[in-house]
Each structure stands twice: as structure tokens, then as C-alpha cells.
Amino acid sequence: MHANDPFARLPEAASFTVTSTTVTDGAPWPPEQFASGVPGGRDVSPQLSWSGAPAGTKSYAVTVYDPDAPTGSGFWHWAVAGIPATVTELPEGAGDDTGSGLPEGAFQLPGDTRAARFIGAAPPPGHGPHRYFVVVHALDVASIGVPADATPAVLGFAMSGHTLGRAVLTATAETPA
């Protein structure tokens with residue numbers, strides 16, 4: 001694994017807690033969270049619950065990012081913006097094609113496949129273990145002001161001055177050679 005820390009050059013933010021009934025922090029993704037092109041993969045977004053967000057939180061965003069992808073820029077698997085501050089959980093599968101499990105007002109941005117949905121893990125065979133940073137971002141604004149067709153990188157740029165806290169869970173995946 002690489003020491004690439006996706007938060008190293010971002011402004012400091014308070015920590016809070018994110019948990020999942022789908023995956024344990026530091027553990028491999030279950031088969032359902034792999035991409036549909038991988039045996040057993042179904043592109044099912046993980047269940048997430050969070051607590052302890054900083055005072056002043058007015059909304060949340062959720063991202064899933066693989067910094068170990070062989071692209072030079074990592075790989076965005078999921079980005080959701082506009083989650084109201086009153087919401088502290090997303091059910092498993094919320095990131096389907098329709099966002100059926102997302103709360104009112106929340107929307108999915110197109111990731112690196114240009115699909116506005118959760119795309120599961122699919123590290124290249126023999127590339128070694130990859131880390132998947134599942135992050136809940138607590139924001140100091142009710143709306144981050146990005147259009148639904150923006151990229152996750154644009155979302156990240158918009159959030160950089162509005163992030164009060166980050167709750168991080170790291171999953172892993174590897175595809176044998």
C-alpha cells in the first residue's frame with residue numbers, strides 16, 4: 001500500500017464517528033460492494049451511520065475515494081451532497097441508480113465512471129491492496145452550491161472552506177492476479 005493520504009493538504013477538521021453494518025473500518029469490502037464486473041460484485045453502497053458531528057453542522061456530504069487507483073488522481077466511487085443536518089444514517093443500497101435511499105434534497109454526483117451512483121471496488125488484478133476512504137463531511141452551509149453534474153473533485157474544492165468535521169471509515173479491496 002501507498003502512504004498517499006488524501007487529507008494531507010486539506011484544512012484541518014474535527015473528527016467525529018462513522019460506522020457501518022456493511023463493513024468494518026480497516027476490513028475488506030464484502031462482495032456486494034465490489035463493481036458489477038467483478039465476480040459477486042453488485043455496486044451496492046454501504047450502510048452508514050454517524051454521530052458526534054461538530055456544533056454548527058448544517059449539512060453533510062458523503063464520498064468514497066480510492067487513492068491507490070493507478071490513475072495519478074485516484075478514483076471517485078461515490079459522492080453525495082445536500083444531506084440535511086438532521087440525517088445521520090444512509091441505508092445500504094442508497095446509492096443505486098435512482099438514489100432511492102437518499103433523504104429529500106440529497107443528490108449523487110457523477111463519479112469517475114460518469115455514473116451518478118455508487119460504483120463498487122474493482123482494483124486491477126495483481127495491483128495489490130487498495131484503500132477506500134468512506135467519508136462523511138460535516139459542512140457549515142445548508143447547501144454547498146455545486147450542480148448535480150459537478151465532479152467529486154469540484155465538490156471537494158467547494159467543501160474545502162466549509163468543512164467543520166470529517167468522519168472516516170477505510171475499507172480495503174484486492175483482486176488477485
# chains A, B, ... in the order shown; residues from 1 in each chain; ligands from 1
>>> residues_around(residues="A:Glu89", least_positions_apart="4", cutoff="12 Å", atoms="only C-alpha atoms", output="list of chain:residue names")
A:Thr17, A:Val18, A:Thr19, A:Ser20, A:Thr21, A:Pro46, A:Gln47, A:Leu48, A:Ser49, A:Trp50, A:Ser51, A:Tyr60, A:Ala61, A:Val62, A:Ile83, A:Pro84, A:Ala85, A:Ala94, A:Gly101, A:Leu102, A:Pro103, A:Val136
>>> residues_around(residues="A:Pro110", least_positions_apart="3", cutoff="12 Å", atoms="only C-alpha atoms", output="MDAnalysis selection string")
chainID A and resid 63 75:81 95 97 107 113:119 147:155
>>> write_last_selection(atoms="N, CA and C atoms", output="PDB file, in the first residue's frame")
ATOM      1  N   THR A  63     -18.504  10.874   0.599  1.00  0.00           N
ATOM      2  CA  THR A  63     -17.677  10.494  -0.546  1.00  0.00           C
ATOM      3  C   THR A  63     -17.015   9.145  -0.298  1.00  0.00           C
ATOM      4  N   PHE A  75      -9.460   7.468  -7.653  1.00  0.00           N
ATOM      5  CA  PHE A  75     -10.716   7.122  -8.313  1.00  0.00           C
ATOM      6  C   PHE A  75     -11.871   7.396  -7.369  1.00  0.00           C
ATOM      7  N   TRP A  76     -12.839   8.199  -7.835  1.00  0.00           N
ATOM      8  CA  TRP A  76     -14.032   8.530  -7.055  1.00  0.00           C
ATOM      9  C   TRP A  76     -15.114   7.504  -7.339  1.00  0.00           C
ATOM     10  N   HIS A  77     -15.559   6.809  -6.278  1.00  0.00           N
ATOM     11  CA  HIS A  77     -16.583   5.774  -6.393  1.00  0.00           C
ATOM     12  C   HIS A  77     -17.978   6.278  -6.067  1.00  0.00           C
ATOM     13  N   TRP A  78     -18.058   7.353  -5.247  1.00  0.00           N
ATOM     14  CA  TRP A  78     -19.386   7.849  -4.863  1.00  0.00           C
ATOM     15  C   TRP A  78     -19.243   9.233  -4.277  1.00  0.00           C
ATOM     16  N   ALA A  79     -20.187  10.083  -4.580  1.00  0.00           N
ATOM     17  CA  ALA A  79     -20.256  11.408  -3.969  1.00  0.00           C
ATOM     18  C   ALA A  79     -21.716  11.805  -3.843  1.00  0.00           C
ATOM     19  N   VAL A  80     -22.101  12.185  -2.622  1.00  0.00           N
ATOM     20  CA  VAL A  80     -23.464  12.616  -2.328  1.00  0.00           C
ATOM     21  C   VAL A  80     -23.378  13.956  -1.627  1.00  0.00           C
ATOM     22  N   ALA A  81     -24.155  14.925  -2.076  1.00  0.00           N
ATOM     23  CA  ALA A  81     -24.211  16.243  -1.448  1.00  0.00           C
ATOM     24  C   ALA A  81     -25.650  16.542  -1.040  1.00  0.00           C
ATOM     25  N   GLY A  95     -27.225   4.320  -2.696  1.00  0.00           N
ATOM     26  CA  GLY A  95     -26.547   4.849  -3.867  1.00  0.00           C
ATOM     27  C   GLY A  95     -26.871   4.133  -5.151  1.00  0.00           C
ATOM     28  N   ASP A  97     -29.133   3.540  -8.804  1.00  0.00           N
ATOM     29  CA  ASP A  97     -29.316   4.437  -9.957  1.00  0.00           C
ATOM     30  C   ASP A  97     -30.248   5.606  -9.686  1.00  0.00           C
ATOM     31  N   PHE A 107     -28.396  14.579  -3.332  1.00  0.00           N
ATOM     32  CA  PHE A 107     -28.220  14.139  -4.710  1.00  0.00           C
ATOM     33  C   PHE A 107     -26.825  13.556  -4.903  1.00  0.00           C
ATOM     34  N   THR A 113     -16.666   7.140 -13.329  1.00  0.00           N
ATOM     35  CA  THR A 113     -17.261   6.429 -14.466  1.00  0.00           C
ATOM     36  C   THR A 113     -18.321   7.287 -15.144  1.00  0.00           C
ATOM     37  N   ARG A 114     -18.584   8.472 -14.584  1.00  0.00           N
ATOM     38  CA  ARG A 114     -19.601   9.439 -15.012  1.00  0.00           C
ATOM     39  C   ARG A 114     -21.007   8.985 -14.659  1.00  0.00           C
ATOM     40  N   ALA A 115     -21.135   7.916 -13.879  1.00  0.00           N
ATOM     41  CA  ALA A 115     -22.440   7.480 -13.396  1.00  0.00           C
ATOM     42  C   ALA A 115     -22.706   8.145 -12.045  1.00  0.00           C
ATOM     43  N   ALA A 116     -23.889   8.706 -11.880  1.00  0.00           N
ATOM     44  CA  ALA A 116     -24.274   9.351 -10.620  1.00  0.00           C
ATOM     45  C   ALA A 116     -24.901   8.296  -9.721  1.00  0.00           C
ATOM     46  N   ARG A 117     -24.049   7.438  -9.177  1.00  0.00           N
ATOM     47  CA  ARG A 117     -24.447   6.319  -8.314  1.00  0.00           C
ATOM     48  C   ARG A 117     -23.195   5.758  -7.656  1.00  0.00           C
ATOM     49  N   PHE A 118     -23.363   4.838  -6.726  1.00  0.00           N
ATOM     50  CA  PHE A 118     -22.221   4.154  -6.125  1.00  0.00           C
ATOM     51  C   PHE A 118     -21.674   3.144  -7.123  1.00  0.00           C
ATOM     52  N   ILE A 119     -20.371   3.194  -7.336  1.00  0.00           N
ATOM     53  CA  ILE A 119     -19.677   2.208  -8.167  1.00  0.00           C
ATOM     54  C   ILE A 119     -18.728   1.448  -7.242  1.00  0.00           C
ATOM     55  N   PRO A 147     -23.570  22.094  -8.754  1.00  0.00           N
ATOM     56  CA  PRO A 147     -24.632  21.485  -9.555  1.00  0.00           C
ATOM     57  C   PRO A 147     -24.542  19.954  -9.508  1.00  0.00           C
ATOM     58  N   ALA A 148     -25.666  19.314  -9.801  1.00  0.00           N
ATOM     59  CA  ALA A 148     -25.733  17.850  -9.755  1.00  0.00           C
ATOM     60  C   ALA A 148     -24.811  17.181 -10.757  1.00  0.00           C
ATOM     61  N   ASP A 149     -24.366  17.887 -11.784  1.00  0.00           N
ATOM     62  CA  ASP A 149     -23.471  17.276 -12.762  1.00  0.00           C
ATOM     63  C   ASP A 149     -21.998  17.608 -12.505  1.00  0.00           C
ATOM     64  N   ALA A 150     -21.704  18.233 -11.351  1.00  0.00           N
ATOM     65  CA  ALA A 150     -20.312  18.533 -10.987  1.00  0.00           C
ATOM     66  C   ALA A 150     -19.568  17.234 -10.676  1.00  0.00           C
ATOM     67  N   THR A 151     -18.255  17.281 -10.718  1.00  0.00           N
ATOM     68  CA  THR A 151     -17.449  16.117 -10.364  1.00  0.00           C
ATOM     69  C   THR A 151     -17.207  16.095  -8.849  1.00  0.00           C
ATOM     70  N   PRO A 152     -16.827  14.945  -8.301  1.00  0.00           N
ATOM     71  CA  PRO A 152     -16.470  14.906  -6.888  1.00  0.00           C
ATOM     72  C   PRO A 152     -15.301  15.835  -6.545  1.00  0.00           C
ATOM     73  N   ALA A 153     -14.382  16.041  -7.485  1.00  0.00           N
ATOM     74  CA  ALA A 153     -13.273  16.969  -7.230  1.00  0.00           C
ATOM     75  C   ALA A 153     -13.793  18.396  -7.061  1.00  0.00           C
ATOM     76  N   VAL A 154     -14.781  18.794  -7.852  1.00  0.00           N
ATOM     77  CA  VAL A 154     -15.382  20.117  -7.704  1.00  0.00           C
ATOM     78  C   VAL A 154     -16.103  20.202  -6.358  1.00  0.00           C
ATOM     79  N   LEU A 155     -16.800  19.142  -5.976  1.00  0.00           N
ATOM     80  CA  LEU A 155     -17.434  19.093  -4.659  1.00  0.00           C
ATOM     81  C   LEU A 155     -16.383  19.279  -3.573  1.00  0.00           C
TER      82      LEU A 155
END
>>> closest_residue(among="A:Ala69, A:Ser45, A:Ala106, A:Gly52", to="A:Arg131", atoms="only C-alpha atoms")
A:Ala69
>>> closest_residue(among="A:Val134, A:Leu90, A:Asp96, A:Glu104", to="A:Leu169", atoms="only C-alpha atoms")
A:Val134
>>> closest_residue(among="A:Ala27, A:Ala35, A:Ala121, A:Ala138", to="A:Thr88", atoms="only C-alpha atoms")
A:Ala138
>>> residues_around(residues="A:Asn4", least_positions_apart="5", cutoff="12 Å", atoms="only C-alpha atoms", output="CSV table (one decimal) with N, CA, C and O atoms, in the first residue's frame")
chain,number,residue,atom,x,y,z
A,9,ARG,N,-3.3,17.6,2.5
A,9,ARG,CA,-3.2,19.0,2.0
A,9,ARG,C,-4.5,19.8,2.2
A,9,ARG,O,-4.6,20.9,1.7
A,65,TYR,N,-13.6,7.3,-2.0
A,65,TYR,CA,-12.5,7.6,-2.8
A,65,TYR,C,-11.4,6.5,-2.6
A,65,TYR,O,-11.1,6.1,-1.5
A,66,ASP,N,-10.8,6.1,-3.7
A,66,ASP,CA,-9.7,5.2,-3.7
A,66,ASP,C,-8.4,5.9,-4.2
A,66,ASP,O,-8.2,6.2,-5.4
A,67,PRO,N,-7.5,6.3,-3.3
A,67,PRO,CA,-6.3,7.0,-3.7
A,67,PRO,C,-5.3,6.1,-4.3
A,67,PRO,O,-4.3,6.6,-4.8
A,68,ASP,N,-5.5,4.8,-4.2
A,68,ASP,CA,-4.5,3.8,-4.7
A,68,ASP,C,-4.7,3.4,-6.2
A,68,ASP,O,-3.9,2.6,-6.7
A,69,ALA,N,-5.8,3.9,-6.8
A,69,ALA,CA,-6.0,3.5,-8.2
A,69,ALA,C,-4.9,4.0,-9.1
A,69,ALA,O,-4.3,5.1,-8.8
A,72,GLY,N,-3.0,8.3,-11.2
A,72,GLY,CA,-2.4,9.6,-10.9
A,72,GLY,C,-3.3,10.5,-10.2
A,72,GLY,O,-2.8,11.5,-9.6
A,73,SER,N,-4.6,10.2,-10.1
A,73,SER,CA,-5.5,11.1,-9.4
A,73,SER,C,-6.5,10.3,-8.6
A,73,SER,O,-7.4,10.9,-8.1
A,74,GLY,N,-6.2,9.0,-8.4
A,74,GLY,CA,-7.2,8.2,-7.6
A,74,GLY,C,-8.4,7.9,-8.4
A,74,GLY,O,-8.5,8.1,-9.6
A,130,HIS,N,-6.0,-2.0,-2.2
A,130,HIS,CA,-6.4,-0.6,-2.4
A,130,HIS,C,-7.2,-0.2,-1.1
A,130,HIS,O,-7.9,-1.0,-0.5
A,131,ARG,N,-7.2,1.1,-0.8
A,131,ARG,CA,-7.9,1.6,0.3
A,131,ARG,C,-9.1,2.4,-0.2
A,131,ARG,O,-8.9,3.1,-1.2
A,132,TYR,N,-10.2,2.3,0.4
A,132,TYR,CA,-11.4,3.1,0.0
A,132,TYR,C,-11.8,3.9,1.2
A,132,TYR,O,-12.3,3.4,2.2
A,133,PHE,N,-11.6,5.2,1.1
A,133,PHE,CA,-11.9,6.2,2.2
A,133,PHE,C,-13.4,6.5,2.0
A,133,PHE,O,-13.8,7.2,1.1
>>> closest_residue(among="A:Ser36, A:Thr86, A:Thr170, A:Ser59", to="A:Leu139", atoms="only C-alpha atoms")
A:Ser59
>>> closest_residue(among="A:Ala122, A:Arg166, A:Val87, A:Val146", to="A:Gly41", atoms="only C-alpha atoms")
A:Ala122
>>> closest_residue(among="A:Val23, A:Ala13, A:Ile144, A:Val135", to="A:Val168", atoms="only C-alpha atoms")
A:Val135
